[in-house]
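Undergrad: Have a peek at input.cif (mmCIF, C-alpha atoms and all ligand atoms).
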```cif
data_final
#
loop_
_atom_site.group_PDB
_atom_site.id
_atom_site.type_symbol
_atom_site.label_atom_id
_atom_site.label_comp_id
_atom_site.auth_asym_id
_atom_site.auth_seq_id
_atom_site.Cartn_x
_atom_site.Cartn_y
_atom_site.Cartn_z
ATOM 1 C CA MET A 708 0.382 -4.524 -18.598
ATOM 2 C CA HIS A 709 -0.378 -1.326 -16.780
ATOM 3 C CA GLY A 710 -2.932 0.296 -14.520
ATOM 4 C CA ILE A 711 -3.158 3.962 -15.588
ATOM 5 C CA GLY A 712 0.496 4.031 -16.605
ATOM 6 C CA ASN A 713 1.904 2.148 -13.599
ATOM 7 C CA ASP A 714 3.513 -0.504 -15.810
ATOM 8 C CA TYR A 715 4.855 -3.911 -14.862
ATOM 9 C CA ILE A 716 6.318 -6.916 -16.605
ATOM 10 C CA PHE A 717 4.094 -9.867 -15.719
ATOM 11 C CA VAL A 718 5.401 -13.413 -15.846
ATOM 12 C CA ASP A 719 2.898 -16.278 -15.988
ATOM 13 C CA CYS A 720 4.355 -18.781 -13.525
ATOM 14 C CA PHE A 721 1.467 -21.253 -13.872
ATOM 15 C CA GLU A 722 3.453 -23.130 -16.513
ATOM 16 C CA GLN A 723 7.013 -21.866 -16.343
ATOM 17 C CA SER A 724 9.634 -21.063 -13.757
ATOM 18 C CA LEU A 725 11.961 -18.073 -13.691
ATOM 19 C CA PRO A 726 15.475 -18.435 -15.095
ATOM 20 C CA GLU A 727 16.878 -16.353 -12.198
ATOM 21 C CA ALA A 728 15.830 -15.150 -8.755
ATOM 22 C CA PRO A 729 13.114 -12.464 -9.078
ATOM 23 C CA GLU A 730 15.194 -10.005 -6.996
ATOM 24 C CA VAL A 731 17.908 -10.253 -9.671
ATOM 25 C CA LEU A 732 15.586 -10.349 -12.662
ATOM 26 C CA ALA A 733 13.419 -7.371 -11.641
ATOM 27 C CA PRO A 734 16.107 -4.668 -12.035
ATOM 28 C CA LYS A 735 17.314 -6.187 -15.337
ATOM 29 C CA LEU A 736 13.858 -6.447 -16.912
ATOM 30 C CA SER A 737 12.639 -3.098 -15.516
ATOM 31 C CA ASP A 738 15.548 -1.118 -16.989
ATOM 32 C CA ARG A 739 13.937 1.184 -19.586
ATOM 33 C CA HIS A 740 17.074 1.290 -21.762
ATOM 34 C CA PHE A 741 18.844 -2.048 -21.274
ATOM 35 C CA GLY A 742 15.802 -4.246 -20.466
ATOM 36 C CA ILE A 743 12.093 -4.370 -21.351
ATOM 37 C CA GLY A 744 11.231 -1.364 -19.188
ATOM 38 C CA GLY A 745 8.729 -1.094 -16.347
ATOM 39 C CA ASP A 746 8.090 -0.040 -12.758
ATOM 40 C CA GLY A 747 8.864 -3.602 -11.661
ATOM 41 C CA LEU A 748 8.205 -7.309 -12.083
ATOM 42 C CA ILE A 749 5.020 -9.163 -11.107
ATOM 43 C CA LEU A 750 4.762 -12.939 -10.864
ATOM 44 C CA ILE A 751 1.375 -14.595 -11.495
ATOM 45 C CA LEU A 752 1.477 -17.862 -9.560
ATOM 46 C CA PRO A 753 -0.823 -20.753 -8.682
ATOM 47 C CA SER A 754 -2.290 -20.595 -5.177
ATOM 48 C CA ASP A 755 -3.478 -23.296 -2.760
ATOM 49 C CA VAL A 756 -5.985 -20.946 -1.142
ATOM 50 C CA ALA A 757 -7.205 -18.597 -3.902
ATOM 51 C CA ASP A 758 -7.625 -18.421 -7.712
ATOM 52 C CA ALA A 759 -4.054 -17.112 -8.125
ATOM 53 C CA ARG A 760 -1.191 -15.592 -6.168
ATOM 54 C CA MET A 761 0.700 -12.356 -6.941
ATOM 55 C CA ARG A 762 4.276 -11.439 -5.992
ATOM 56 C CA ILE A 763 5.533 -7.923 -6.771
ATOM 57 C CA PHE A 764 9.149 -6.786 -7.089
ATOM 58 C CA ASN A 765 10.024 -3.113 -7.435
ATOM 59 C CA ALA A 766 12.448 -1.896 -10.133
ATOM 60 C CA ASP A 767 15.304 -2.051 -7.588
ATOM 61 C CA GLY A 768 14.578 -5.746 -6.887
ATOM 62 C CA SER A 769 12.973 -5.248 -3.447
ATOM 63 C CA GLU A 770 9.790 -7.238 -2.839
ATOM 64 C CA ALA A 771 6.660 -5.330 -1.793
ATOM 65 C CA GLU A 772 3.662 -6.712 0.046
ATOM 66 C CA MET A 773 1.047 -5.366 -2.332
ATOM 67 C CA CYS A 774 0.425 -3.517 -5.603
ATOM 68 C CA GLY A 775 -3.024 -2.050 -6.288
ATOM 69 C CA ASN A 776 -2.560 -1.361 -9.979
ATOM 70 C CA GLY A 777 -0.755 -4.662 -10.486
ATOM 71 C CA VAL A 778 -3.435 -6.803 -8.849
ATOM 72 C CA ARG A 779 -6.097 -5.429 -11.243
ATOM 73 C CA CYS A 780 -3.875 -6.488 -14.153
ATOM 74 C CA VAL A 781 -3.358 -9.951 -12.618
ATOM 75 C CA ALA A 782 -7.145 -10.345 -12.431
ATOM 76 C CA LYS A 783 -7.504 -9.353 -16.093
ATOM 77 C CA TYR A 784 -4.819 -11.855 -17.111
ATOM 78 C CA ILE A 785 -6.305 -14.719 -15.056
ATOM 79 C CA TYR A 786 -9.791 -14.160 -16.451
ATOM 80 C CA GLU A 787 -8.925 -13.477 -20.097
ATOM 81 C CA ARG A 788 -6.509 -16.440 -20.271
ATOM 82 C CA GLY A 789 -9.208 -18.682 -18.828
ATOM 83 C CA LEU A 790 -7.091 -19.640 -15.801
ATOM 84 C CA SER A 791 -10.256 -18.918 -13.822
ATOM 85 C CA ARG A 792 -13.597 -17.551 -15.008
ATOM 86 C CA LYS A 793 -14.846 -16.707 -11.514
ATOM 87 C CA ASN A 794 -16.210 -13.259 -10.773
ATOM 88 C CA PRO A 795 -15.325 -12.084 -8.193
ATOM 89 C CA LEU A 796 -11.819 -13.514 -8.354
ATOM 90 C CA ARG A 797 -9.755 -14.139 -5.220
ATOM 91 C CA ILE A 798 -6.062 -13.328 -5.373
ATOM 92 C CA GLU A 799 -3.500 -14.113 -2.687
ATOM 93 C CA THR A 800 -1.079 -11.239 -1.982
ATOM 94 C CA GLY A 801 1.410 -10.281 0.709
ATOM 95 C CA ARG A 802 -1.448 -8.627 2.576
ATOM 96 C CA GLY A 803 -3.805 -11.587 2.408
ATOM 97 C CA ILE A 804 -6.480 -12.785 0.001
ATOM 98 C CA LEU A 805 -8.241 -9.972 -1.845
ATOM 99 C CA SER A 806 -11.573 -10.106 -3.663
ATOM 100 C CA LEU A 807 -11.737 -8.501 -7.126
ATOM 101 C CA GLN A 808 -14.977 -7.717 -8.950
ATOM 102 C CA LEU A 809 -14.522 -7.658 -12.731
ATOM 103 C CA LYS A 810 -16.406 -5.544 -15.261
ATOM 104 C CA ILE A 811 -16.525 -7.625 -18.424
ATOM 105 C CA GLN A 812 -17.390 -6.596 -21.981
ATOM 106 C CA GLY A 813 -17.511 -9.524 -24.387
ATOM 107 C CA ASP A 814 -14.586 -11.623 -23.205
ATOM 108 C CA ARG A 815 -12.486 -8.632 -22.085
ATOM 109 C CA VAL A 816 -12.044 -7.251 -18.570
ATOM 110 C CA THR A 817 -12.335 -3.467 -18.827
ATOM 111 C CA GLU A 818 -12.388 -2.407 -15.171
ATOM 112 C CA VAL A 819 -11.738 -4.001 -11.792
ATOM 113 C CA THR A 820 -12.924 -3.083 -8.294
ATOM 114 C CA VAL A 821 -10.640 -4.396 -5.553
ATOM 115 C CA ASP A 822 -11.555 -4.836 -1.899
ATOM 116 C CA MET A 823 -8.189 -3.659 -0.564
ATOM 117 C CA GLY A 824 -9.026 -4.537 3.044
ATOM 118 C CA GLU A 825 -8.805 -2.270 6.069
ATOM 119 C CA PRO A 826 -6.061 0.330 6.303
ATOM 120 C CA ILE A 827 -3.450 -0.236 9.020
ATOM 121 C CA LEU A 828 -3.034 2.886 11.147
ATOM 122 C CA GLU A 829 -0.968 1.652 14.110
ATOM 123 C CA ALA A 830 2.448 3.318 13.861
ATOM 124 C CA ALA A 831 4.395 0.165 14.769
ATOM 125 C CA ARG A 832 2.658 -1.846 12.058
ATOM 126 C CA ILE A 833 3.146 0.710 9.251
ATOM 127 C CA PRO A 834 6.028 0.802 10.354
ATOM 128 C CA THR A 835 7.121 4.258 11.454
ATOM 129 C CA THR A 836 8.838 5.596 14.545
ATOM 130 C CA LEU A 837 6.961 8.905 14.300
ATOM 131 C CA PRO A 838 4.976 9.790 17.453
ATOM 132 C CA GLY A 839 1.241 9.152 17.657
ATOM 133 C CA SER A 840 -0.878 6.245 16.562
ATOM 134 C CA PRO A 841 -2.506 6.948 14.172
ATOM 135 C CA VAL A 842 0.184 9.261 12.810
ATOM 136 C CA VAL A 843 -1.855 12.211 11.513
ATOM 137 C CA GLU A 844 -0.188 15.429 10.329
ATOM 138 C CA ALA A 845 2.956 14.610 12.344
ATOM 139 C CA PRO A 846 5.967 16.851 11.689
ATOM 140 C CA LEU A 847 8.795 14.989 9.919
ATOM 141 C CA THR A 848 12.096 16.815 10.221
ATOM 142 C CA LEU A 849 14.451 16.571 7.260
ATOM 143 C CA ASP A 850 18.271 16.793 7.243
ATOM 144 C CA ASP A 851 18.260 20.469 6.245
ATOM 145 C CA GLY A 852 16.167 21.310 9.338
ATOM 146 C CA THR A 853 12.919 21.902 7.386
ATOM 147 C CA SER A 854 9.865 19.899 8.289
ATOM 148 C CA VAL A 855 6.782 18.543 6.509
ATOM 149 C CA ASN A 856 3.538 17.291 8.067
ATOM 150 C CA VAL A 857 2.840 13.649 7.221
ATOM 151 C CA THR A 858 -0.047 11.214 7.690
ATOM 152 C CA CYS A 859 0.966 7.542 7.644
ATOM 153 C CA VAL A 860 -1.185 4.687 6.361
ATOM 154 C CA SER A 861 -0.382 1.093 5.467
ATOM 155 C CA MET A 862 -2.432 -0.693 2.824
ATOM 156 C CA GLY A 863 -0.263 -3.751 3.450
ATOM 157 C CA ASN A 864 2.646 -1.600 2.268
ATOM 158 C CA PRO A 865 3.730 1.666 3.916
ATOM 159 C CA HIS A 866 2.616 5.118 2.722
ATOM 160 C CA CYS A 867 3.376 8.650 3.856
ATOM 161 C CA VAL A 868 0.834 11.243 2.677
ATOM 162 C CA ILE A 869 1.690 14.949 2.450
ATOM 163 C CA PHE A 870 -1.015 17.524 1.724
ATOM 164 C CA THR A 871 0.475 20.445 -0.185
ATOM 165 C CA GLU A 872 -0.290 22.973 -2.893
ATOM 166 C CA ASP A 873 3.195 22.436 -4.324
ATOM 167 C CA LEU A 874 3.285 19.535 -6.798
ATOM 168 C CA THR A 875 6.167 20.960 -8.814
ATOM 169 C CA ASP A 876 8.925 18.696 -10.202
ATOM 170 C CA GLU A 877 11.498 20.549 -8.126
ATOM 171 C CA THR A 878 9.888 19.861 -4.712
ATOM 172 C CA PHE A 879 8.561 16.391 -5.579
ATOM 173 C CA ARG A 880 11.836 15.020 -6.997
ATOM 174 C CA ARG A 881 13.909 16.549 -4.169
ATOM 175 C CA LEU A 882 11.719 15.437 -1.249
ATOM 176 C CA GLY A 883 10.490 12.076 -2.631
ATOM 177 C CA PRO A 884 13.775 10.145 -2.337
ATOM 178 C CA ILE A 885 14.730 11.833 0.958
ATOM 179 C CA ILE A 886 11.438 10.856 2.634
ATOM 180 C CA GLU A 887 11.470 7.342 1.074
ATOM 181 C CA LYS A 888 14.720 6.624 2.958
ATOM 182 C CA HIS A 889 14.081 8.730 6.087
ATOM 183 C CA PRO A 890 15.089 6.880 9.294
ATOM 184 C CA ALA A 891 11.542 7.354 10.644
ATOM 185 C CA PHE A 892 10.534 4.611 8.168
ATOM 186 C CA PRO A 893 12.554 1.468 8.944
ATOM 187 C CA GLN A 894 11.215 -0.372 5.867
ATOM 188 C CA ARG A 895 11.357 2.750 3.666
ATOM 189 C CA VAL A 896 8.086 4.283 2.488
ATOM 190 C CA ASN A 897 6.004 5.258 -0.550
ATOM 191 C CA VAL A 898 5.387 9.016 -0.617
ATOM 192 C CA GLU A 899 2.233 10.741 -1.906
ATOM 193 C CA PHE A 900 2.089 14.507 -2.509
ATOM 194 C CA VAL A 901 -1.567 15.551 -2.553
ATOM 195 C CA ARG A 902 -3.381 18.697 -3.667
ATOM 196 C CA VAL A 903 -7.015 18.758 -2.573
ATOM 197 C CA CYS A 904 -9.181 20.090 -5.426
ATOM 198 C CA SER A 905 -12.524 19.555 -3.618
ATOM 199 C CA PRO A 906 -13.893 17.256 -0.888
ATOM 200 C CA GLN A 907 -14.522 14.664 -3.626
ATOM 201 C CA ARG A 908 -11.373 15.087 -5.742
ATOM 202 C CA VAL A 909 -7.597 15.195 -5.271
ATOM 203 C CA GLU A 910 -4.545 15.420 -7.503
ATOM 204 C CA VAL A 911 -1.574 13.223 -6.517
ATOM 205 C CA ARG A 912 2.063 12.623 -7.459
ATOM 206 C CA VAL A 913 3.692 9.449 -6.159
ATOM 207 C CA TRP A 914 7.294 8.662 -5.286
ATOM 208 C CA GLU A 915 7.375 4.882 -4.893
ATOM 209 C CA ARG A 916 9.624 2.926 -2.582
ATOM 210 C CA GLY A 917 12.012 0.967 -4.786
ATOM 211 C CA SER A 918 10.805 2.388 -8.111
ATOM 212 C CA GLY A 919 10.950 6.193 -7.761
ATOM 213 C CA GLU A 920 8.554 8.410 -9.705
ATOM 214 C CA THR A 921 5.650 6.456 -11.227
ATOM 215 C CA LEU A 922 2.565 7.545 -13.171
ATOM 216 C CA ALA A 923 0.212 6.032 -10.588
ATOM 217 C CA CYS A 924 -0.019 3.909 -7.446
ATOM 218 C CA GLY A 925 -3.157 2.000 -6.438
ATOM 219 C CA THR A 926 -2.233 1.409 -2.804
ATOM 220 C CA GLY A 927 -1.078 5.059 -2.718
ATOM 221 C CA ALA A 928 -4.478 6.276 -3.973
ATOM 222 C CA CYS A 929 -6.167 4.238 -1.200
ATOM 223 C CA ALA A 930 -3.786 5.639 1.435
ATOM 224 C CA VAL A 931 -4.621 9.162 0.220
ATOM 225 C CA CYS A 932 -8.352 8.407 0.510
ATOM 226 C CA VAL A 933 -7.874 7.282 4.133
ATOM 227 C CA ALA A 934 -5.567 10.213 4.995
ATOM 228 C CA GLY A 935 -8.009 12.704 3.438
ATOM 229 C CA ALA A 936 -10.866 11.362 5.564
ATOM 230 C CA LEU A 937 -8.725 11.172 8.739
ATOM 231 C CA THR A 938 -7.684 14.810 8.378
ATOM 232 C CA GLY A 939 -11.201 15.995 7.449
ATOM 233 C CA ARG A 940 -10.012 17.287 4.091
ATOM 234 C CA THR A 941 -12.056 14.968 1.902
ATOM 235 C CA GLU A 942 -15.109 12.752 1.932
ATOM 236 C CA ARG A 943 -14.737 8.981 2.214
ATOM 237 C CA LYS A 944 -15.327 8.435 -1.511
ATOM 238 C CA ILE A 945 -13.038 10.398 -3.825
ATOM 239 C CA THR A 946 -11.623 10.519 -7.341
ATOM 240 C CA VAL A 947 -7.829 10.390 -7.256
ATOM 241 C CA ARG A 948 -6.211 12.042 -10.267
ATOM 242 C CA LEU A 949 -2.671 10.759 -10.901
ATOM 243 C CA PRO A 950 -0.328 11.632 -13.789
ATOM 244 C CA GLY A 951 -1.422 8.440 -15.659
ATOM 245 C CA GLY A 952 -5.187 8.691 -15.086
ATOM 246 C CA GLU A 953 -7.878 8.404 -12.434
ATOM 247 C CA LEU A 954 -8.907 5.895 -9.769
ATOM 248 C CA ILE A 955 -12.080 5.892 -7.686
ATOM 249 C CA THR A 956 -11.449 5.060 -4.040
ATOM 250 C CA GLU A 957 -13.833 4.625 -1.126
ATOM 251 C CA TRP A 958 -13.170 3.984 2.564
ATOM 252 C CA ALA A 959 -16.455 2.158 3.111
ATOM 253 C CA PRO A 960 -18.430 2.057 6.402
ATOM 254 C CA SER A 961 -17.392 -1.640 6.693
ATOM 255 C CA GLY A 962 -13.798 -0.416 7.186
ATOM 256 C CA SER A 963 -12.510 -1.775 3.858
ATOM 257 C CA VAL A 964 -11.094 0.483 1.164
ATOM 258 C CA PHE A 965 -12.381 -0.150 -2.368
ATOM 259 C CA MET A 966 -10.400 0.878 -5.451
ATOM 260 C CA THR A 967 -11.797 0.916 -8.995
ATOM 261 C CA GLY A 968 -9.785 1.394 -12.170
ATOM 262 C CA PRO A 969 -8.807 -0.035 -15.546
ATOM 263 C CA ALA A 970 -6.226 -2.663 -16.472
ATOM 264 C CA THR A 971 -4.532 -2.600 -19.885
ATOM 265 C CA THR A 972 -2.469 -5.095 -21.847
ATOM 266 C CA VAL A 973 0.283 -3.510 -23.951
ATOM 267 C CA PHE A 974 2.092 -6.480 -25.448
ATOM 268 C CA THR A 975 3.105 -10.066 -24.811
ATOM 269 C CA GLY A 976 6.441 -11.595 -25.692
ATOM 270 C CA GLU A 977 9.365 -13.796 -24.854
ATOM 271 C CA TRP A 978 12.518 -12.637 -23.137
ATOM 272 C CA PRO A 979 15.551 -14.602 -24.272
ATOM 273 C CA ALA A 980 17.037 -15.469 -20.895
ATOM 274 C CA GLU A 981 20.156 -16.933 -22.486
ATOM 275 C CA ILE A 982 21.149 -13.543 -23.936
ATOM 276 C CA GLU A 983 22.936 -11.402 -21.347
ATOM 277 C CA PRO A 984 21.435 -7.908 -21.101
ATOM 278 C CA ALA A 985 23.856 -5.211 -22.261
ATOM 279 C CA ARG A 986 24.886 -4.413 -18.676
HETATM 280 N N1 LIG B 1 2.518 0.776 -7.651
HETATM 281 C C1 LIG B 1 1.984 -0.078 -6.679
HETATM 282 C C2 LIG B 1 2.795 -0.270 -5.414
HETATM 283 C C3 LIG B 1 4.087 -1.044 -5.689
HETATM 284 C C4 LIG B 1 4.901 -1.364 -4.455
HETATM 285 C C5 LIG B 1 5.497 -0.176 -3.762
HETATM 286 N N2 LIG B 1 6.481 0.498 -4.557
HETATM 287 C C6 LIG B 1 6.121 -0.613 -2.418
HETATM 288 O O1 LIG B 1 7.326 -0.877 -2.362
HETATM 289 O O2 LIG B 1 5.390 -0.716 -1.439
HETATM 290 C C7 LIG B 1 0.499 0.102 -6.464
HETATM 291 O O3 LIG B 1 -0.185 0.344 -7.462
HETATM 292 O O4 LIG B 1 0.007 -0.070 -5.356
#
```
Can you turn what I pasted into structure tokens?
TA:
Amino acid sequence: MHGIGNDYIFVDCFEQSLPEAPEVLAPKLSDRHFGIGGDGLILILPSDVADARMRIFNADGSEAEMCGNGVRCVAKYIYERGLSRKNPLRIETGRGILSLQLKIQGDRVTEVTVDMGEPILEAARIPTTLPGSPVVEAPLTLDDGTSVNVTCVSMGNPHCVIFTEDLTDETFRRLGPIIEKHPAFPQRVNVEFVRVCSPQRVEVRVWERGSGETLACGTGACAVCVAGALTGRTERKITVRLPGGELITEWAPSGSVFMTGPATTVFTGEWPAEIEPAR
């Protein structure tokens, strides 16, 4: 399934267990040439406290706290498979229990609005060692002596937002991996490069921690919404245009960030665990 091109392999763990540890399985399954192909692996699990639980593993096998595009897909799966017919659904994630409002046509979920909770702005909790709390437009010095201004936001997982006019492949693919692993981010970081088109609209490219370049990032879009408002560049409700499509995000007066977007099923299948992948 995917949320605007941010594609994951979802395993229904309500009735089956994994043949291997998810940290080991995620890189194998995510490999676009020697596996199924995806930005990572998402487990759909039973929960004692909500309608379902989600665990997300990046393509490199690292576990993340949260995935905005993935959680919309989990909601679609849970509802359409009849595992729960509640609306809103409640899904347990690494950042707590989230509420998801489903838009339903016939028996299909076409769009999901997620209450992503309040952004975390305290530097130590993002975490980042950059000065200031919140960290807004702080200079981040790179190895070659150049510096970029960054605004840091956690949506349960860490994000570093850079406002720039330059969204070219050259700059994005050079800076993305350097900033992801910069020592100022002890748990690494997701990096968003943002061009402001208007106070209501931005264009974004995302370099994800553990997965590299992706077509979209839901938590990233929310972090951009918060960073845009904090820096006075955008209004609190914006359309975020990513390479794979658009998300609507709003940092509501209640303090929560709401994200709305589609969820799409591509195919279902069985992976023959007994056959060793080609590498
Ligand atoms: N694509 C996701 C975020 C996935 C996790 C991220 N790479 C991390 O390590 O924090 C989204 O849609 O939010």
Undergrad: Counting only C-alpha atoms, which of A:Val896, A:Ala970, A:Leu752, A:Cys929 gets nearest to A:Thr817?
TA: A:Ala970
Undergrad: Could you state the separation of atom CA of A:Ile798 and atom CA of A:Met773 in Å, given to one decimal place?
TA: 11.1 Å
Undergrad: Quick check, in Å to one decimal: how far apart do atom CA of A:Gly747 and atom CA of A:Gly775 lie?
TA: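 So the two atoms, atom CA of A:Gly747 and atom CA of A:Gly775, lie 13.1 Å apart.
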Undergrad: Hey, could you make a per-residue contact list for chain A against ligand LIG 1 (chain B) with 9 Å as the cut-off, showing the nearest pair of atoms and its distance in Å to one decimal, counting only C-alpha atoms and all ligand atoms, sorted by chain and number, as JSON lines?
TA:
```
{"residue": "A:Gly710", "atom": "CA", "partner": "B:LIG1", "partner_atom": "O3", "distance": 7.6}
{"residue": "A:Asn713", "atom": "CA", "partner": "B:LIG1", "partner_atom": "N1", "distance": 6.1}
{"residue": "A:Asp714", "atom": "CA", "partner": "B:LIG1", "partner_atom": "N1", "distance": 8.3}
{"residue": "A:Tyr715", "atom": "CA", "partner": "B:LIG1", "partner_atom": "N1", "distance": 8.9}
{"residue": "A:Asp746", "atom": "CA", "partner": "B:LIG1", "partner_atom": "N1", "distance": 7.6}
{"residue": "A:Gly747", "atom": "CA", "partner": "B:LIG1", "partner_atom": "C3", "distance": 8.1}
{"residue": "A:Ile763", "atom": "CA", "partner": "B:LIG1", "partner_atom": "C4", "distance": 7.0}
{"residue": "A:Phe764", "atom": "CA", "partner": "B:LIG1", "partner_atom": "C4", "distance": 7.4}
{"residue": "A:Asn765", "atom": "CA", "partner": "B:LIG1", "partner_atom": "N2", "distance": 5.8}
{"residue": "A:Ala766", "atom": "CA", "partner": "B:LIG1", "partner_atom": "N2", "distance": 8.5}
{"residue": "A:Ser769", "atom": "CA", "partner": "B:LIG1", "partner_atom": "O1", "distance": 7.2}
{"residue": "A:Glu770", "atom": "CA", "partner": "B:LIG1", "partner_atom": "O1", "distance": 6.8}
{"residue": "A:Ala771", "atom": "CA", "partner": "B:LIG1", "partner_atom": "O1", "distance": 4.5}
{"residue": "A:Glu772", "atom": "CA", "partner": "B:LIG1", "partner_atom": "O2", "distance": 6.4}
{"residue": "A:Met773", "atom": "CA", "partner": "B:LIG1", "partner_atom": "C4", "distance": 5.9}
{"residue": "A:Cys774", "atom": "CA", "partner": "B:LIG1", "partner_atom": "O4", "distance": 3.5}
{"residue": "A:Gly775", "atom": "CA", "partner": "B:LIG1", "partner_atom": "O4", "distance": 3.7}
{"residue": "A:Asn776", "atom": "CA", "partner": "B:LIG1", "partner_atom": "O3", "distance": 3.9}
{"residue": "A:Gly777", "atom": "CA", "partner": "B:LIG1", "partner_atom": "O3", "distance": 5.9}
{"residue": "A:Val778", "atom": "CA", "partner": "B:LIG1", "partner_atom": "O3", "distance": 8.0}
{"residue": "A:Met862", "atom": "CA", "partner": "B:LIG1", "partner_atom": "O4", "distance": 8.6}
{"residue": "A:Gly863", "atom": "CA", "partner": "B:LIG1", "partner_atom": "O2", "distance": 8.1}
{"residue": "A:Asn864", "atom": "CA", "partner": "B:LIG1", "partner_atom": "O2", "distance": 4.7}
{"residue": "A:Pro865", "atom": "CA", "partner": "B:LIG1", "partner_atom": "O2", "distance": 6.1}
{"residue": "A:His866", "atom": "CA", "partner": "B:LIG1", "partner_atom": "O2", "distance": 7.7}
{"residue": "A:Arg895", "atom": "CA", "partner": "B:LIG1", "partner_atom": "O1", "distance": 8.1}
{"residue": "A:Val896", "atom": "CA", "partner": "B:LIG1", "partner_atom": "O2", "distance": 6.9}
{"residue": "A:Asn897", "atom": "CA", "partner": "B:LIG1", "partner_atom": "O2", "distance": 6.1}
{"residue": "A:Val913", "atom": "CA", "partner": "B:LIG1", "partner_atom": "N1", "distance": 8.9}
{"residue": "A:Trp914", "atom": "CA", "partner": "B:LIG1", "partner_atom": "N2", "distance": 8.2}
{"residue": "A:Glu915", "atom": "CA", "partner": "B:LIG1", "partner_atom": "N2", "distance": 4.5}
{"residue": "A:Arg916", "atom": "CA", "partner": "B:LIG1", "partner_atom": "N2", "distance": 4.4}
{"residue": "A:Gly917", "atom": "CA", "partner": "B:LIG1", "partner_atom": "N2", "distance": 5.6}
{"residue": "A:Ser918", "atom": "CA", "partner": "B:LIG1", "partner_atom": "N2", "distance": 5.9}
{"residue": "A:Gly919", "atom": "CA", "partner": "B:LIG1", "partner_atom": "N2", "distance": 7.9}
{"residue": "A:Thr921", "atom": "CA", "partner": "B:LIG1", "partner_atom": "N1", "distance": 7.4}
{"residue": "A:Leu922", "atom": "CA", "partner": "B:LIG1", "partner_atom": "N1", "distance": 8.7}
{"residue": "A:Ala923", "atom": "CA", "partner": "B:LIG1", "partner_atom": "N1", "distance": 6.4}
{"residue": "A:Cys924", "atom": "CA", "partner": "B:LIG1", "partner_atom": "O3", "distance": 3.6}
{"residue": "A:Gly925", "atom": "CA", "partner": "B:LIG1", "partner_atom": "O3", "distance": 3.6}
{"residue": "A:Thr926", "atom": "CA", "partner": "B:LIG1", "partner_atom": "O4", "distance": 3.7}
{"residue": "A:Gly927", "atom": "CA", "partner": "B:LIG1", "partner_atom": "O4", "distance": 5.9}
{"residue": "A:Ala928", "atom": "CA", "partner": "B:LIG1", "partner_atom": "O4", "distance": 7.9}
{"residue": "A:Cys929", "atom": "CA", "partner": "B:LIG1", "partner_atom": "O4", "distance": 8.6}
```
Undergrad: Smallest atom-to-atom distance to A:Leu748: which of A:Gly962, A:Pro729, A:Gly939, A:Gly968, using only C-alpha atoms?
TA: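 Closest to A:Leu748, using only C-alpha atoms: A:Pro729.
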Undergrad: Reconstruct stretch 945-956 of chain A at the level of N, CA and C atoms, and format the result as a tab-separated table (two decimals), in the coordinates of the input.
TA:
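Output file result.tsv follows:
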```
chain	number	residue	atom	x	y	z
A	945	ILE	N	-13.66	9.33	-3.04
A	945	ILE	CA	-13.04	10.40	-3.82
A	945	ILE	C	-12.51	9.87	-5.16
A	946	THR	N	-12.33	10.80	-6.09
A	946	THR	CA	-11.62	10.52	-7.34
A	946	THR	C	-10.19	10.98	-7.15
A	947	VAL	N	-9.25	10.06	-7.41
A	947	VAL	CA	-7.83	10.39	-7.26
A	947	VAL	C	-7.23	10.54	-8.66
A	948	ARG	N	-6.81	11.76	-8.96
A	948	ARG	CA	-6.21	12.04	-10.27
A	948	ARG	C	-4.70	11.89	-10.14
A	949	LEU	N	-4.13	10.97	-10.90
A	949	LEU	CA	-2.67	10.76	-10.90
A	949	LEU	C	-2.15	11.12	-12.29
A	950	PRO	N	-0.83	11.24	-12.46
A	950	PRO	CA	-0.33	11.63	-13.79
A	950	PRO	C	-0.81	10.70	-14.91
A	951	GLY	N	-1.02	9.39	-14.61
A	951	GLY	CA	-1.42	8.44	-15.66
A	951	GLY	C	-2.92	8.27	-15.83
A	952	GLY	N	-3.73	8.86	-14.97
A	952	GLY	CA	-5.19	8.69	-15.09
A	952	GLY	C	-5.86	8.75	-13.73
A	953	GLU	N	-7.08	8.25	-13.66
A	953	GLU	CA	-7.88	8.40	-12.43
A	953	GLU	C	-8.30	7.06	-11.84
A	954	LEU	N	-8.37	7.04	-10.51
A	954	LEU	CA	-8.91	5.90	-9.77
A	954	LEU	C	-10.02	6.40	-8.87
A	955	ILE	N	-11.03	5.57	-8.66
A	955	ILE	CA	-12.08	5.89	-7.69
A	955	ILE	C	-11.78	5.08	-6.43
A	956	THR	N	-11.73	5.77	-5.29
A	956	THR	CA	-11.45	5.06	-4.04
A	956	THR	C	-12.53	5.39	-3.01
```
